[in-house]
$ cat my_file18.txt   # compact mmCIF, C-alpha atoms
# COMPACT_ATOMS: atom_id res chain seq x y z
CA MET Z 1 304.38 89.11 72.55
CA PRO Z 2 306.01 86.33 74.57
CA ALA Z 3 306.43 82.82 73.18
CA PRO Z 4 303.23 80.76 73.59
CA SER Z 5 304.86 78.55 76.21
CA LYS Z 6 305.36 81.59 78.46
CA VAL Z 7 301.83 82.86 78.03
CA LEU Z 8 299.55 82.25 80.97
CA ARG Z 9 296.56 80.24 79.93
CA ALA Z 10 293.46 79.37 81.90
CA ALA Z 11 293.32 75.67 82.63
CA PRO Z 12 290.26 74.37 80.79
CA PRO Z 13 287.53 72.87 82.97
CA LEU Z 14 287.84 69.08 83.12
CA THR Z 15 284.59 68.50 81.32
CA THR Z 16 283.30 70.92 78.75
CA THR Z 17 280.62 70.49 76.18
CA LYS Z 18 281.35 71.12 72.52
CA GLY Z 19 279.26 74.29 72.80
CA GLU Z 20 281.32 75.59 75.73
CA GLN Z 21 284.53 74.85 73.85
CA THR Z 22 283.32 76.76 70.80
CA ARG Z 23 282.23 79.69 72.94
CA ALA Z 24 285.66 79.76 74.63
CA LEU Z 25 287.37 79.64 71.21
CA ILE Z 26 285.27 82.55 69.94
CA LEU Z 27 285.97 84.62 73.06
CA ASP Z 28 289.69 83.95 72.77
CA HIS Z 29 289.65 85.34 69.22
CA ALA Z 30 287.40 88.21 70.31
CA VAL Z 31 289.65 89.36 73.18
CA ARG Z 32 292.78 89.21 71.00
CA HIS Z 33 291.01 91.11 68.22
CA ALA Z 34 289.71 93.79 70.61
CA ALA Z 35 293.18 94.20 72.14
CA VAL Z 36 294.46 95.31 68.72
CA HIS Z 37 291.45 96.83 66.97
CA GLY Z 38 289.15 97.87 69.79
CA PHE Z 39 285.57 96.80 70.45
CA GLU Z 40 283.84 98.92 67.82
CA ALA Z 41 285.71 96.87 65.18
CA LEU Z 42 284.55 93.60 66.78
CA THR Z 43 281.85 92.37 64.42
CA ILE Z 44 280.20 88.97 64.10
CA GLY Z 45 281.39 88.95 60.47
CA ASN Z 46 285.12 89.47 60.90
CA LEU Z 47 285.23 87.29 64.00
CA ALA Z 48 283.50 84.38 62.23
CA GLU Z 49 286.16 84.59 59.53
CA GLN Z 50 289.02 84.58 62.06
CA ALA Z 51 287.62 81.73 64.15
CA GLY Z 52 286.79 79.69 61.05
CA LEU Z 53 283.09 79.56 61.89
CA SER Z 54 279.92 80.51 60.06
CA LYS Z 55 278.15 83.75 60.93
CA SER Z 56 275.07 81.76 61.92
CA GLY Z 57 277.30 79.62 64.17
CA LEU Z 58 278.47 82.76 65.94
CA PHE Z 59 274.94 84.10 66.24
CA ALA Z 60 274.00 80.89 68.06
CA HIS Z 61 276.43 81.93 70.82
CA PHE Z 62 276.09 85.70 70.74
CA GLY Z 63 272.82 87.16 69.57
CA SER Z 64 274.23 90.54 68.63
CA LYS Z 65 277.43 92.53 68.18
CA GLU Z 66 276.75 94.13 71.56
CA ASP Z 67 276.39 90.76 73.34
CA LEU Z 68 279.69 89.71 71.78
CA GLN Z 69 281.41 92.97 72.84
CA ILE Z 70 280.26 92.63 76.45
CA ALA Z 71 281.22 88.92 76.62
CA ALA Z 72 284.69 89.76 75.23
CA LEU Z 73 285.08 92.56 77.79
CA ASP Z 74 284.07 90.18 80.62
CA GLU Z 75 286.61 87.66 79.35
CA ALA Z 76 289.33 90.34 79.31
CA VAL Z 77 288.50 91.24 82.92
CA ARG Z 78 288.60 87.54 83.88
CA ARG Z 79 292.11 87.32 82.41
CA TYR Z 80 293.20 90.48 84.22
CA ASN Z 81 291.98 89.01 87.52
CA GLU Z 82 293.74 85.74 86.80
CA ALA Z 83 297.05 87.27 85.67
CA ALA Z 84 297.30 90.41 87.81
CA PHE Z 85 294.84 90.83 90.63
CA LEU Z 86 294.55 87.38 92.23
CA PRO Z 87 298.31 86.61 92.25
CA ALA Z 88 298.88 89.98 94.00
CA LEU Z 89 296.67 88.83 96.88
CA ALA Z 90 299.37 86.28 97.76
CA ALA Z 91 301.62 89.16 98.88
CA PRO Z 92 301.21 90.41 102.48
CA ARG Z 93 298.67 93.22 102.96
CA GLY Z 94 300.07 96.72 102.83
CA LEU Z 95 302.87 98.08 100.67
CA PRO Z 96 304.14 94.66 99.46
CA ARG Z 97 300.70 93.85 98.01
CA LEU Z 98 300.27 97.30 96.45
CA ARG Z 99 303.70 96.96 94.86
CA LYS Z 100 302.89 93.49 93.48
CA LEU Z 101 299.59 94.72 92.09
CA PHE Z 102 301.41 97.57 90.35
CA GLU Z 103 304.05 95.24 88.88
CA HIS Z 104 301.51 92.67 87.71
CA TRP Z 105 299.35 95.35 86.16
CA LEU Z 106 302.22 96.57 83.98
CA GLU Z 107 302.88 93.01 82.84
CA TRP Z 108 299.49 91.36 82.67
CA THR Z 109 298.64 91.90 78.99
CA GLU Z 110 301.94 90.41 77.89
CA ARG Z 111 301.55 87.50 80.32
CA SER Z 112 298.05 86.93 78.91
CA GLY Z 113 299.23 87.01 75.30
CA LEU Z 114 297.32 90.24 74.54
CA ALA Z 115 298.66 93.13 72.46
CA SER Z 116 297.19 95.73 74.81
CA CYS Z 117 294.69 96.22 77.64
CA PRO Z 118 291.17 95.77 76.26
CA MET Z 119 289.60 97.59 79.23
CA MET Z 120 291.62 100.74 78.59
CA THR Z 121 290.57 100.70 74.94
CA ALA Z 122 286.91 100.06 75.79
CA ALA Z 123 286.91 102.94 78.28
CA ALA Z 124 288.21 105.37 75.65
CA GLU Z 125 285.79 104.08 73.00
CA PHE Z 126 282.60 104.07 75.07
CA ASP Z 127 283.00 106.66 77.84
CA ARG Z 128 280.84 109.22 76.02
CA ARG Z 129 278.18 106.90 74.63
CA ASP Z 130 275.13 105.43 76.31
CA GLY Z 131 274.08 101.81 76.45
CA PRO Z 132 274.98 98.41 77.89
CA MET Z 133 278.60 98.42 76.70
CA ARG Z 134 279.25 101.75 78.41
CA ASP Z 135 277.56 100.45 81.57
CA ALA Z 136 279.71 97.29 81.47
CA ILE Z 137 283.05 99.10 81.10
CA GLU Z 138 282.09 101.70 83.70
CA ALA Z 139 281.21 98.94 86.20
CA HIS Z 140 284.49 97.11 85.54
CA MET Z 141 286.56 100.28 85.85
CA ARG Z 142 284.81 101.23 89.09
CA ARG Z 143 285.65 97.82 90.53
CA LEU Z 144 289.31 98.24 89.50
CA HIS Z 145 289.34 101.70 91.06
CA ILE Z 146 287.76 100.45 94.30
CA GLU Z 147 290.34 97.64 94.52
CA LEU Z 148 293.15 100.20 94.18
CA VAL Z 149 291.59 102.36 96.89
CA LYS Z 150 291.17 99.33 99.21
CA CYS Z 151 294.75 98.28 98.60
CA ALA Z 152 295.99 101.81 99.44
CA ASP Z 153 293.71 101.88 102.52
CA MET Z 154 295.46 98.75 103.79
CA VAL Z 155 298.84 100.46 103.36
CA LYS Z 156 297.49 103.31 105.50
CA ALA Z 157 296.14 100.84 108.06
CA SER Z 158 299.57 99.17 108.28
CA GLY Z 159 301.14 102.56 109.03
CA GLU Z 160 303.31 102.46 105.88
CA PHE Z 161 301.40 105.43 104.44
CA ASP Z 162 300.78 108.60 106.37
CA ALA Z 163 297.32 108.83 107.97
CA SER Z 164 296.59 112.02 106.01
CA VAL Z 165 296.80 110.32 102.58
CA ASP Z 166 293.65 110.64 100.44
CA THR Z 167 293.42 107.15 98.94
CA GLN Z 168 290.86 108.23 96.30
CA GLN Z 169 293.41 110.78 95.10
CA PHE Z 170 296.12 108.11 95.30
CA ALA Z 171 294.10 105.69 93.12
CA PHE Z 172 293.34 108.50 90.63
CA GLU Z 173 297.06 109.19 90.20
CA LEU Z 174 298.06 105.53 90.10
CA PHE Z 175 295.58 104.95 87.31
CA GLY Z 176 297.14 107.85 85.41
CA ILE Z 177 300.51 106.09 85.63
CA PHE Z 178 299.06 102.94 84.02
CA MET Z 179 297.50 104.98 81.23
CA ALA Z 180 300.70 106.96 80.60
CA TYR Z 181 302.55 103.63 80.49
CA TYR Z 182 300.24 102.26 77.79
CA ARG Z 183 300.61 105.42 75.70
CA ALA Z 184 304.42 105.30 75.92
CA HIS Z 185 304.62 101.51 75.45
CA ASN Z 186 301.97 100.98 72.77
CA LEU Z 187 301.82 104.25 70.87
CA PHE Z 188 305.43 105.48 71.15
CA ARG Z 189 306.96 101.97 71.49
CA ASP Z 190 309.22 103.64 74.04
CA PRO Z 191 311.65 101.21 75.72
CA HIS Z 192 311.66 103.54 78.74
CA ALA Z 193 307.91 103.17 79.31
CA ALA Z 194 308.30 100.70 82.19
CA PRO Z 195 311.18 102.60 83.90
CA TYR Z 196 309.13 105.84 83.68
CA ALA Z 197 306.11 104.07 85.19
CA HIS Z 198 308.22 102.60 88.01
CA ALA Z 199 309.80 105.98 88.80
CA ALA Z 200 306.35 107.62 88.86
CA PHE Z 201 305.05 104.88 91.19
CA GLU Z 202 308.00 105.29 93.57
CA ARG Z 203 307.44 109.05 93.71
CA LEU Z 204 303.74 108.52 94.44
CA VAL Z 205 304.57 106.04 97.21
CA ARG Z 206 307.33 108.26 98.68
CA ASN Z 207 304.94 111.22 98.85
CA ALA Z 208 302.33 109.08 100.58
CA GLN Z 209 304.90 107.95 103.13
CA THR Z 210 306.12 111.46 103.88
CA PRO Z 211 303.50 114.08 103.06
CA PRO Z 212 304.68 117.67 102.76
CA ALA Z 213 305.25 119.38 106.08
CA PRO Z 214 302.38 121.69 107.04
CA ALA Z 215 303.06 125.43 106.75
CA ARG Z 216 305.15 126.45 109.76
CA ARG Z 217 303.27 128.58 112.25
CA ALA Z 218 304.94 131.15 114.44
CA ALA Z 219 305.64 129.52 117.78
CA SER Z 220 303.58 131.05 120.54
CA ARG Z 221 305.24 130.94 123.90
CA THR Z 222 302.68 132.95 125.79
CA PRO Z 223 300.37 130.77 127.91
CA MET K 1 278.45 120.89 77.09
CA PRO K 2 278.45 124.70 77.43
CA ALA K 3 275.80 126.84 75.75
CA PRO K 4 276.63 127.49 72.06
CA SER K 5 277.33 131.16 72.76
CA LYS K 6 280.16 130.20 75.13
CA VAL K 7 281.76 127.76 72.73
CA LEU K 8 284.92 128.98 71.07
CA ARG K 9 284.56 128.93 67.31
CA ALA K 10 287.18 129.54 64.68
CA ALA K 11 286.49 132.73 62.77
CA PRO K 12 285.80 131.68 59.19
CA PRO K 13 288.24 132.98 56.56
CA LEU K 14 286.87 136.11 54.85
CA THR K 15 286.49 134.42 51.51
CA THR K 16 285.73 130.75 51.21
CA THR K 17 284.51 128.82 48.23
CA LYS K 18 281.37 126.71 48.47
CA GLY K 19 283.63 123.63 48.41
CA GLU K 20 285.68 124.88 51.35
CA GLN K 21 282.52 125.63 53.33
CA THR K 22 281.16 122.13 52.70
CA ARG K 23 284.47 120.57 53.71
CA ALA K 24 284.50 122.62 56.93
CA LEU K 25 280.89 121.57 57.66
CA ILE K 26 281.73 117.89 57.15
CA LEU K 27 284.81 118.13 59.39
CA ASP K 28 282.80 119.85 62.11
CA HIS K 29 280.35 116.93 62.12
CA ALA K 30 283.23 114.45 61.92
CA VAL K 31 285.11 115.85 64.93
CA ARG K 32 281.98 115.98 67.06
CA HIS K 33 281.05 112.44 66.04
CA ALA K 34 284.55 111.10 66.77
CA ALA K 35 284.57 112.82 70.19
CA VAL K 36 281.58 110.68 71.18
CA HIS K 37 281.88 107.49 69.12
CA GLY K 38 285.57 107.31 68.24
CA PHE K 39 287.20 107.18 64.82
CA GLU K 40 286.45 103.55 63.97
CA ALA K 41 282.75 104.47 63.98
CA LEU K 42 283.38 107.42 61.64
CA THR K 43 282.05 106.19 58.30
CA ILE K 44 281.23 108.06 55.10
CA GLY K 45 277.68 106.66 55.41
CA ASN K 46 276.71 107.83 58.89
CA LEU K 47 278.48 111.15 58.44
CA ALA K 48 276.65 111.88 55.17
CA GLU K 49 273.38 111.31 57.00
CA GLN K 50 274.33 113.64 59.85
CA ALA K 51 275.63 116.42 57.61
CA GLY K 52 272.64 116.13 55.28
CA LEU K 53 274.82 115.33 52.27
CA SER K 54 274.92 112.50 49.77
CA LYS K 55 277.53 109.77 50.13
CA SER K 56 278.91 110.72 46.72
CA GLY K 57 279.10 114.34 47.91
CA LEU K 58 281.25 113.24 50.83
CA PHE K 59 283.42 111.06 48.61
CA ALA K 60 284.17 114.16 46.51
CA HIS K 61 285.87 115.66 49.59
CA PHE K 62 287.30 112.53 51.24
CA GLY K 63 288.19 109.63 49.02
CA SER K 64 288.04 107.01 51.77
CA LYS K 65 287.07 106.40 55.38
CA GLU K 66 290.76 106.64 56.28
CA ASP K 67 291.19 110.04 54.58
CA LEU K 68 288.16 111.25 56.51
CA GLN K 69 289.51 109.88 59.82
CA ILE K 70 292.88 111.59 59.35
CA ALA K 71 291.30 114.90 58.29
CA ALA K 72 289.01 114.79 61.36
CA LEU K 73 292.01 114.08 63.61
CA ASP K 74 293.93 117.01 62.06
CA GLU K 75 290.91 119.24 62.66
CA ALA K 76 290.73 118.12 66.33
CA VAL K 77 294.43 118.98 66.77
CA ARG K 78 293.85 122.38 65.13
CA ARG K 79 291.10 123.07 67.68
CA TYR K 80 293.32 121.94 70.55
CA ASN K 81 296.04 124.33 69.39
CA GLU K 82 293.54 127.15 69.05
CA ALA K 83 291.78 126.58 72.39
CA ALA K 84 294.62 125.32 74.62
CA PHE K 85 298.14 125.55 73.30
CA LEU K 86 298.33 128.96 71.58
CA PRO K 87 296.53 130.91 74.35
CA ALA K 88 298.99 129.41 76.89
CA LEU K 89 301.89 130.98 74.97
CA ALA K 90 300.59 134.38 76.08
CA ALA K 91 301.66 133.54 79.66
CA PRO K 92 305.29 134.28 80.64
CA ARG K 93 307.75 131.43 80.05
CA GLY K 94 308.33 129.13 82.97
CA LEU K 95 305.88 127.97 85.61
CA PRO K 96 303.10 130.47 84.71
CA ARG K 97 303.01 129.13 81.13
CA LEU K 98 303.12 125.47 82.25
CA ARG K 99 300.26 126.17 84.65
CA LYS K 100 298.19 127.86 81.94
CA LEU K 101 298.83 124.99 79.54
CA PHE K 102 297.64 122.54 82.20
CA GLU K 103 294.49 124.55 82.95
CA HIS K 104 293.63 125.04 79.28
CA TRP K 105 294.17 121.36 78.56
CA LEU K 106 291.61 120.33 81.18
CA GLU K 107 289.10 122.75 79.68
CA TRP K 108 289.76 122.72 75.96
CA THR K 109 287.23 120.10 74.85
CA GLU K 110 284.41 121.89 76.63
CA ARG K 111 285.55 125.26 75.27
CA SER K 112 285.59 123.73 71.80
CA GLY K 113 282.11 122.22 72.14
CA LEU K 114 283.45 118.64 72.06
CA ALA K 115 282.20 115.80 74.29
CA SER K 116 285.70 114.46 74.82
CA CYS K 117 289.27 114.63 73.51
CA PRO K 118 289.39 112.99 70.07
CA MET K 119 293.18 112.53 70.25
CA MET K 120 292.97 110.49 73.46
CA THR K 121 290.33 108.26 71.85
CA ALA K 122 292.30 107.88 68.62
CA ALA K 123 295.43 106.90 70.57
CA ALA K 124 293.56 104.13 72.41
CA GLU K 125 291.87 102.91 69.22
CA PHE K 126 294.91 102.83 66.92
CA ASP K 127 298.01 102.36 69.11
CA ARG K 128 298.29 98.67 68.28
CA ARG K 129 297.38 98.79 64.59
CA ASP K 130 299.51 99.69 61.61
CA GLY K 131 298.72 102.20 58.90
CA PRO K 132 298.35 105.92 58.17
CA MET K 133 295.87 106.62 60.99
CA ARG K 134 298.25 105.12 63.57
CA ASP K 135 301.11 107.15 62.08
CA ALA K 136 299.00 110.33 62.24
CA ILE K 137 297.98 109.96 65.89
CA GLU K 138 301.49 108.92 66.90
CA ALA K 139 302.94 112.03 65.22
CA HIS K 140 300.38 114.31 66.89
CA MET K 141 300.94 112.75 70.32
CA ARG K 142 304.71 113.03 69.95
CA ARG K 143 304.33 116.74 69.18
CA LEU K 144 302.13 117.20 72.26
CA HIS K 145 304.68 115.33 74.34
CA ILE K 146 307.59 117.40 72.98
CA GLU K 147 305.70 120.62 73.75
CA LEU K 148 305.19 119.49 77.35
CA VAL K 149 308.89 118.62 77.67
CA LYS K 150 309.90 122.02 76.19
CA CYS K 151 307.54 123.81 78.53
CA ALA K 152 309.01 121.94 81.54
CA ASP K 153 312.56 122.65 80.24
CA MET K 154 311.76 126.38 80.35
CA VAL K 155 310.64 126.04 83.98
CA LYS K 156 314.02 124.45 84.72
CA ALA K 157 315.82 127.19 82.79
CA SER K 158 314.00 129.84 84.84
CA GLY K 159 315.20 128.16 88.05
CA GLU K 160 311.65 127.42 89.22
CA PHE K 161 312.29 123.67 88.87
CA ASP K 162 315.32 121.97 90.35
CA ALA K 163 318.15 121.36 87.86
CA SER K 164 317.97 117.60 88.52
CA VAL K 165 314.40 117.24 87.18
CA ASP K 166 314.01 114.76 84.31
CA THR K 167 311.58 116.61 82.04
CA GLN K 168 310.81 113.49 79.96
CA GLN K 169 309.69 111.81 83.17
CA PHE K 170 307.78 114.96 84.11
CA ALA K 171 305.91 114.99 80.79
CA PHE K 172 305.15 111.26 81.10
CA GLU K 173 303.52 111.85 84.49
CA LEU K 174 301.71 115.01 83.44
CA PHE K 175 300.16 113.12 80.54
CA GLY K 176 298.99 110.46 82.98
CA ILE K 177 297.15 113.16 84.95
CA PHE K 178 295.26 114.26 81.81
CA MET K 179 294.29 110.67 81.03
CA ALA K 180 293.18 109.97 84.61
CA TYR K 181 291.14 113.18 84.43
CA TYR K 182 289.32 112.00 81.28
CA ARG K 183 288.56 108.62 82.83
CA ALA K 184 287.13 110.20 85.99
CA HIS K 185 285.28 112.98 84.14
CA ASN K 186 283.94 111.06 81.14
CA LEU K 187 283.57 107.47 82.33
CA PHE K 188 282.78 108.00 86.03
CA ARG K 189 281.16 111.45 85.56
CA ASP K 190 282.99 112.27 88.80
CA PRO K 191 282.52 115.91 89.91
CA HIS K 192 285.89 115.64 91.69
CA ALA K 193 287.78 114.86 88.46
CA ALA K 194 289.13 118.41 88.05
CA PRO K 195 290.08 118.85 91.77
CA TYR K 196 291.91 115.47 91.66
CA ALA K 197 293.76 116.53 88.51
CA HIS K 198 294.73 119.90 90.05
CA ALA K 199 295.97 118.24 93.26
CA ALA K 200 298.03 115.75 91.23
CA PHE K 201 299.50 118.60 89.16
CA GLU K 202 300.45 120.58 92.29
CA ARG K 203 302.15 117.51 93.78
CA LEU K 204 304.08 116.97 90.54
CA VAL K 205 305.18 120.63 90.48
CA ARG K 206 306.07 120.65 94.21
CA ASN K 207 308.26 117.57 93.77
CA ALA K 208 310.01 119.19 90.80
CA GLN K 209 310.67 122.31 92.84
CA THR K 210 312.09 120.42 95.82
CA PRO K 211 313.35 117.00 94.82
CA PRO K 212 313.91 114.47 97.61
CA ALA K 213 317.14 114.99 99.53
CA PRO K 214 319.89 112.58 98.46
CA ALA K 215 320.75 109.78 100.88
CA ARG K 216 322.80 111.25 103.70
CA ARG K 217 326.45 110.22 103.66
CA ALA K 218 328.59 109.94 106.74
CA ALA K 219 330.52 113.16 107.07
CA SER K 220 334.22 112.67 106.60
CA ARG K 221 336.35 115.09 108.52
CA THR K 222 339.70 113.59 107.71
CA PRO K 223 341.54 115.48 104.96
$ encode --input "my_file18.txt" --output "structure tokens"
Amino acid sequence: MPAPSKVLRAAPPLTTTKGEQTRALILDHAVRHAAVHGFEALTIGNLAEQAGLSKSGLFAHFGSKEDLQIAALDEAVRRYNEAAFLPALAAPRGLPRLRKLFEHWLEWTERSGLASCPMMTAAAEFDRRDGPMRDAIEAHMRRLHIELVKCADMVKASGEFDASVDTQQFAFELFGIFMAYYRAHNLFRDPHAAPYAHAAFERLVRNAQTPPAPARRAASRTP
Amino acid sequence: MPAPSKVLRAAPPLTTTKGEQTRALILDHAVRHAAVHGFEALTIGNLAEQAGLSKSGLFAHFGSKEDLQIAALDEAVRRYNEAAFLPALAAPRGLPRLRKLFEHWLEWTERSGLASCPMMTAAAEFDRRDGPMRDAIEAHMRRLHIELVKCADMVKASGEFDASVDTQQFAFELFGIFMAYYRAHNLFRDPHAAPYAHAAFERLVRNAQTPPAPARRAASRTP
């Protein structure tokens, strides 16, 4: 984890009530806890202990474990947007922006002071359950997917990708690279995780620039 | 989930004690539960209720929640080996075996009557924690990774992949395809998940067969 001074922090609103400050403090603890332990382990009890608050104090802000889980997930997505997605929009449309989005995505958890990506964990924990938490992570992941597709569509529109590229397929594969990166980086603690991810991204981009030649047909010279 | 008759089941050993049968019953419930709810949600209490046993009965087999989690993970890996890995070894070494392993991997949870891949969930839940459960899932995932690398090495040895292919990189990317498949299939319930995964696999294989031409150098005709 980077030194606190290097960690990107949201500027606090100029005026906040005591209640808003407490809620922000709780959510900060919640997102950090979920990044390590997942959302199933995010209980009112253990969070109250960490944040130095009473359980009843926490219940005043979040009526249930599920409300707390969803609020923590929303906060994680807000940090992703702030650290990865929005800064990428400063790059010119097309391949430069796609490349920036890729680079920021690999770095955003570290830049946000988080041990891992809470959305990836939530997706794995809740993808086979039913209920509001599943609905929330599915909606967030669909938005991320759609943004990747849009970004790839712009690369096609700029002519930097071949017109035949299936951008849904492209986004599917790009997401796989992020997930493989997290497994290598977090689970294997592999120092090559980022170089592997970059090499995979470059291969994906290269293929989209120059798709395989179509099967050669016998030339017909008869009219 | 396929009809029970189509689900692959391990043949029970010819002689089993009552204790072994109970342990197998508990683990069956545990693996199915973890495939839906993850391992953090796998408690002695809710499992006893599902298996129709007393809590003390479960404690006689698994001394702690952690013992139970690790035993359930081991059982999931045993099922993966039985349904995906071992049958792939029947295919000839080289590309046919790699292809079979890929196909079986996409199908193994369904063939085993599981809602999802428990190892993928465990990796996301425990990759940033410390302790025996993290060590167990890391060890299992490293074995899976090594098997993929070995399988790709054999394709190189057979001459079906170019000699320049980095099989660690290949395995990294192949794993990403599996993870992207689970996200599309489980979280998005996308009917195109398997076609996307197959197309990504074919692109990966095609690139390994014909790597990009090296940058052209100016021909030197002077001696």
$ interface_residues --input "my_file18.txt" --of "chain K" --to "chain Z" --cutoff "7 Å" --atoms "all atoms listed in the file" --output "list in words"
Val36, His37, Gly38, Glu40, Ala41, Ala115, Thr121, Ala123, Ala124, Glu125, Phe126, Asp127, Arg128, Arg129, Glu138, Gln169, Phe172, Glu173, Phe175, Gly176, Ile177, Met179, Ala180, Asn186, Leu187, Phe188, Tyr196 and Ala200 of chain K
$ residues_around --input "my_file18.txt" --residues "His29 (chain K)" --least-positions-apart "4" --cutoff "8 Å" --atoms "all atoms listed in the file" --output "list in words"
Leu25, His33, Leu47, Gln50 and Ala51 of chain K
$ closest_residue --input "my_file18.txt" --among "K:Ile26, K:Ala208, K:Leu114, K:Ala194" --to "Leu53 (chain K)" --atoms "only C-alpha atoms"
K:Ile26
$ residues_around --input "my_file18.txt" --residues "Ala152 (chain Z)" --least-positions-apart "4" --cutoff "9 Å" --atoms "only C-alpha atoms" --output "ChimeraX atom specification"
/Z:94-95,98,147-148,156-157,161,167-168,170-171
$ atom_distance --input "my_file18.txt" --atom1 "CA of Asp162 (chain K)" --atom2 "CA of Gln209 (chain K)"
5.3 Å
$ closest_residue --input "my_file18.txt" --among "K:Thr210, K:Thr17, K:Thr43, K:Ser164" --to "Gln69 (chain K)" --atoms "all atoms listed in the file"
K:Thr43
